[in-house]
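Inspection log for the structure reproduced underneath, given as structure tokens.
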Amino acid sequence: MIRTEAELEDLLSRPSAVDVEAMAQLGGGDLLLLGVAGKMGPTLAMRARLAMTAAGVAGRVIGVSRFSDKRARQVLDEAGVETVEADLMDRSALARLPEAANIIYLVGRKFGSSGDPSLTWAMNVHVPMAVLERWRDSRFVALSSGNIYPLVPVVSGGATESTPLAPVGEYAQSVLGRERTFEYAASQWGTRSVILRLNYAVEMRYGVLLDIAQTVAEGRPVDLRMGAANVIWQGDANSVCLRAFELCSAPPDVLNLTGPETLSVRHIAAEFGRHLGVEPRFSGEEAPVALLNNASRCHRLFGYPTVTPLELIEQIAAWMKAGGATHGKPTHFETRDGKY
């Protein structure tokens with residue numbers, strides 16, 4: 001069982017043999033991670049640093065953020081990731097940042113997006129446009145979201161990359177706007193990228209599974225209206241990010257990123273109830289449609305996730321019983337009207 005944050009972060013940042021091979025194929029070029037201080041960024045950057053060292057390549061790993069979380073910067077510095085504090089809304093700050101042949105784009109705003117939609121649009125559309133203009137000759141792995149898909153039948157297996165897009169709400173609309181900036185950069189400058197539509201990365205401190213576990217533990221009713229979800233262990237999502245540079249193209253390639261299972265929210269709650277010794281309570285009824293991604297192409301390219309949902313449920317329950325820290329950032333995965 002994972003007992004401490006240090007153990008958790010070590011596991012999330014530990015590169016696999018295929019990660020090392022992917023970093024070797026970068027040919028020693030520097031890797032720049034923009035928006036590195038978010039939930040995925042720190043362990044992704046550390047995994048990249050360890051993989052590049054193991055591959056024997058000389059490139060730097062550089063993480064850029066405003067670093068409102070000072071602990072994140074300290075952890076990255078100690079791991080050998082070069083950190084740069086910068087506000088990506090500031091064009092002069094962008095101009096001062098280093099060149100890099102390969103960039104992982106992690107910048108985005110979701111939480112609180114309904115309260116200040118103009119900031120959401122600025123962060124999700126204006127900033128990537130400025131970034132792409134600045135590094136138009138680089139390759140980008142860009143994180144996006146499956147929120148731009150419509151709700152699909154639970155029995156369908158999820159939306160594929162060819163499903164017509166139907167974003168609901170300003171957050172999802174701005175995410176589609178972000179994708180369009182990468183398409184524009186490809187058409188104007190030949191900028192190569194791959195867009196990863198992620199739903200949802202999870203670990204012990206945040207994610208859909210933790211949201212359900214906390215609801216059960218606190219005796220609150222679990223909302224069943226969004227009756228199904230997809231999840232993927234964040235370590236596996238990190239690995240795909242590092243290996244996805246081979247897909248960069250102009251126009252951008254698009255890849256759904258999640259686990260292969262369509263998970264029942266009711267069943268997840270029941271499992272947590274069993275582990276936590278609590279009888280789950282429920283509200284509402286499962287709708288026939290939900291926000292679901294079909295990541296079968298991703299699995300064909302990069303293999304199945306290494307950690308199963310049942311293993312994650314067991315680990316998260318143990319983490320909670322031990323009083324483990326959380327990020328305090330619920331995903332609001334149950335939202336059906338697009339208002340975050």
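For the structure tokens, the naming scheme is as follows: chains receive sequential letters (A, B, ...) according to their order of presentation, residues are indexed from 1 within each chain, and ligands are indexed from 1 in presentation order.
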
Interface rows for segment 135-164 of chain A against segment 30-38 of chain A: nearest pair, Å to one decimal, 12 Å, only C-alpha atoms, as a Markdown table:
```
| residue | atom | partner | partner_atom | distance |
| --- | --- | --- | --- | --- |
| A:Trp135 | CA | A:Leu32 | CA | 10.7 |
| A:Ser138 | CA | A:Leu32 | CA | 10.1 |
| A:Arg139 | CA | A:Leu31 | CA | 9.9 |
| A:Phe140 | CA | A:Leu32 | CA | 9.5 |
| A:Val141 | CA | A:Leu33 | CA | 9.6 |
| A:Ala142 | CA | A:Leu34 | CA | 9.8 |
| A:Leu143 | CA | A:Gly35 | CA | 10.6 |
```

*Which residues come within 9 Å of segment 106-111 of chain A, counting only C-alpha atoms, excluding same-chain residues fewer than 3 positions away, as a ChimeraX atom specification?*
/A:33-36,38,40-41,65,88,114,119-121,123-124,127-128,141-144,171-172,175,329-332,340

Restrict the selected residues to N, CA and C atoms and save them as a tab-separated table (two decimals), in the first residue's frame.
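The resulting file, again_22.tsv, is reproduced below:
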```
chain	number	residue	atom	x	y	z
A	33	LEU	N	7.77	21.98	-20.24
A	33	LEU	CA	6.41	21.71	-19.77
A	33	LEU	C	5.79	23.02	-19.32
A	34	LEU	N	4.76	23.46	-20.03
A	34	LEU	CA	4.09	24.72	-19.71
A	34	LEU	C	2.86	24.43	-18.86
A	35	GLY	N	2.74	25.13	-17.73
A	35	GLY	CA	1.69	24.83	-16.77
A	35	GLY	C	2.04	23.64	-15.91
A	36	VAL	N	3.30	23.54	-15.51
A	36	VAL	CA	3.82	22.34	-14.86
A	36	VAL	C	3.34	22.15	-13.43
A	38	GLY	N	0.37	22.15	-12.11
A	38	GLY	CA	-0.97	21.61	-11.91
A	38	GLY	C	-0.94	20.21	-11.33
A	40	MET	N	-1.19	17.17	-12.74
A	40	MET	CA	-0.38	16.18	-13.43
A	40	MET	C	1.07	16.60	-13.61
A	41	GLY	N	1.31	17.89	-13.73
A	41	GLY	CA	2.59	18.38	-14.19
A	41	GLY	C	3.81	17.95	-13.39
A	65	SER	N	5.63	27.77	-14.75
A	65	SER	CA	4.36	28.00	-14.07
A	65	SER	C	4.46	29.31	-13.30
A	88	LEU	N	2.08	33.14	-18.25
A	88	LEU	CA	1.98	32.93	-19.69
A	88	LEU	C	1.00	33.89	-20.36
A	114	SER	N	-17.23	28.97	-14.56
A	114	SER	CA	-18.53	29.63	-14.74
A	114	SER	C	-18.56	30.98	-14.07
A	119	LEU	N	-12.08	35.06	-18.19
A	119	LEU	CA	-10.77	34.53	-17.83
A	119	LEU	C	-10.60	33.12	-18.37
A	120	THR	N	-11.66	32.33	-18.32
A	120	THR	CA	-11.61	30.97	-18.87
A	120	THR	C	-11.24	31.00	-20.35
A	121	TRP	N	-11.90	31.87	-21.11
A	121	TRP	CA	-11.60	31.98	-22.54
A	121	TRP	C	-10.18	32.50	-22.77
A	123	MET	N	-7.54	32.12	-20.79
A	123	MET	CA	-6.58	31.07	-20.47
A	123	MET	C	-6.61	29.93	-21.48
A	124	ASN	N	-7.80	29.58	-21.95
A	124	ASN	CA	-7.94	28.39	-22.79
A	124	ASN	C	-7.82	28.64	-24.28
A	127	VAL	N	-4.06	32.24	-24.47
A	127	VAL	CA	-2.72	31.80	-24.08
A	127	VAL	C	-2.14	30.77	-25.06
A	128	PRO	N	-2.87	29.71	-25.44
A	128	PRO	CA	-2.26	28.78	-26.40
A	128	PRO	C	-1.92	29.43	-27.74
A	141	VAL	N	2.76	18.19	-27.41
A	141	VAL	CA	1.77	17.28	-26.87
A	141	VAL	C	0.85	18.14	-26.01
A	142	ALA	N	-0.41	18.26	-26.40
A	142	ALA	CA	-1.32	19.21	-25.76
A	142	ALA	C	-2.45	18.47	-25.05
A	143	LEU	N	-2.62	18.73	-23.76
A	143	LEU	CA	-3.73	18.13	-23.01
A	143	LEU	C	-5.03	18.85	-23.33
A	144	SER	N	-6.04	18.07	-23.65
A	144	SER	CA	-7.39	18.57	-23.88
A	144	SER	C	-8.33	17.77	-22.99
A	171	TYR	N	-16.89	26.34	-20.51
A	171	TYR	CA	-15.62	25.63	-20.32
A	171	TYR	C	-15.35	24.71	-21.52
A	172	ALA	N	-16.30	23.84	-21.83
A	172	ALA	CA	-16.10	22.91	-22.94
A	172	ALA	C	-15.92	23.64	-24.26
A	175	VAL	N	-12.45	24.86	-24.44
A	175	VAL	CA	-11.52	23.76	-24.69
A	175	VAL	C	-11.47	23.45	-26.19
A	329	LYS	N	-9.70	19.37	-4.55
A	329	LYS	CA	-10.22	19.89	-5.82
A	329	LYS	C	-11.14	18.84	-6.46
A	330	PRO	N	-12.42	18.86	-6.10
A	330	PRO	CA	-13.34	17.89	-6.70
A	330	PRO	C	-13.45	18.10	-8.21
A	331	THR	N	-13.66	17.01	-8.93
A	331	THR	CA	-13.70	17.09	-10.39
A	331	THR	C	-15.02	17.60	-10.93
A	332	HIS	N	-16.10	17.47	-10.14
A	332	HIS	CA	-17.46	17.79	-10.60
A	332	HIS	C	-17.81	16.95	-11.83
A	340	TYR	N	-19.03	24.60	-14.56
A	340	TYR	CA	-18.03	24.20	-13.58
A	340	TYR	C	-17.60	25.39	-12.71
```

*asked:* I'd like the contact shell of Ala269 of chain A - 12 Å cut-off, only C-alpha atoms, skipping same-chain residues fewer than 3 positions apart - returned as a ChimeraX atom specification.
replied: /A:208-217,219-224,227-228,263-266,272-282,310,313,317

Neighbours of Ser16 of chain A within 12 Å (only C-alpha atoms; same-chain residues fewer than 2 positions away dropped), as an mmCIF file with C-alpha atoms, in the first residue's frame?
```cif
data_model
loop_
_atom_site.group_PDB
_atom_site.id
_atom_site.type_symbol
_atom_site.label_atom_id
_atom_site.label_comp_id
_atom_site.auth_asym_id
_atom_site.auth_seq_id
_atom_site.Cartn_x
_atom_site.Cartn_y
_atom_site.Cartn_z
ATOM 1 C CA LEU A 11 5.435 5.830 -8.105
ATOM 2 C CA LEU A 12 3.760 8.369 -10.398
ATOM 3 C CA SER A 13 7.115 9.671 -11.639
ATOM 4 C CA ARG A 14 8.894 6.326 -12.065
ATOM 5 C CA VAL A 18 9.087 2.420 -22.918
ATOM 6 C CA ASP A 19 9.219 5.904 -21.372
ATOM 7 C CA VAL A 20 13.006 5.732 -21.403
ATOM 8 C CA GLU A 21 12.936 4.648 -25.038
ATOM 9 C CA ALA A 22 10.608 7.551 -25.900
ATOM 10 C CA MET A 23 12.947 10.073 -24.294
ATOM 11 C CA ARG A 47 9.156 11.107 -14.884
ATOM 12 C CA ALA A 48 10.575 12.860 -17.952
ATOM 13 C CA LEU A 50 14.316 10.353 -14.770
ATOM 14 C CA ALA A 51 13.611 8.840 -18.197
ATOM 15 C CA MET A 52 16.024 11.182 -19.959
ATOM 16 C CA ALA A 54 18.161 6.682 -17.830
ATOM 17 C CA ALA A 55 18.287 7.089 -21.608
ATOM 18 C CA GLY A 235 1.043 7.281 -13.917
ATOM 19 C CA ASP A 236 -0.275 5.658 -17.088
ATOM 20 C CA ASN A 238 1.949 10.480 -17.698
ATOM 21 C CA SER A 239 3.518 7.685 -19.720
ATOM 22 C CA VAL A 240 1.266 8.311 -22.725
ATOM 23 C CA LEU A 242 5.841 11.235 -22.906
ATOM 24 C CA ARG A 243 5.374 8.706 -25.696
ATOM 25 C CA THR A 306 -0.979 -0.945 -15.738
#
```

*Select from segment 74-252 of chain A everything DSSP, run on the backbone, classes as helix (DSSP H, G or I), then give the selection as a VMD selection string.*
chain A and resid 74 to 78 91 to 96 117 to 134 146 to 148 154 to 156 169 to 189 208 to 217 234 to 247

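Proximity ranking of A:Asn199, A:Val61, A:Ala122, A:Ile268 relative to Glu82 of chain A places A:Val61 first, based on only C-alpha atoms.
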
*asked:* What's around segment 68-74 of chain A at 8 Å? Count only C-alpha atoms, leave out sequence neighbours fewer than 4 positions away in its own chain, and write the answer as a PyMOL selection string.
replied: chain A and resi 37+42+78+83
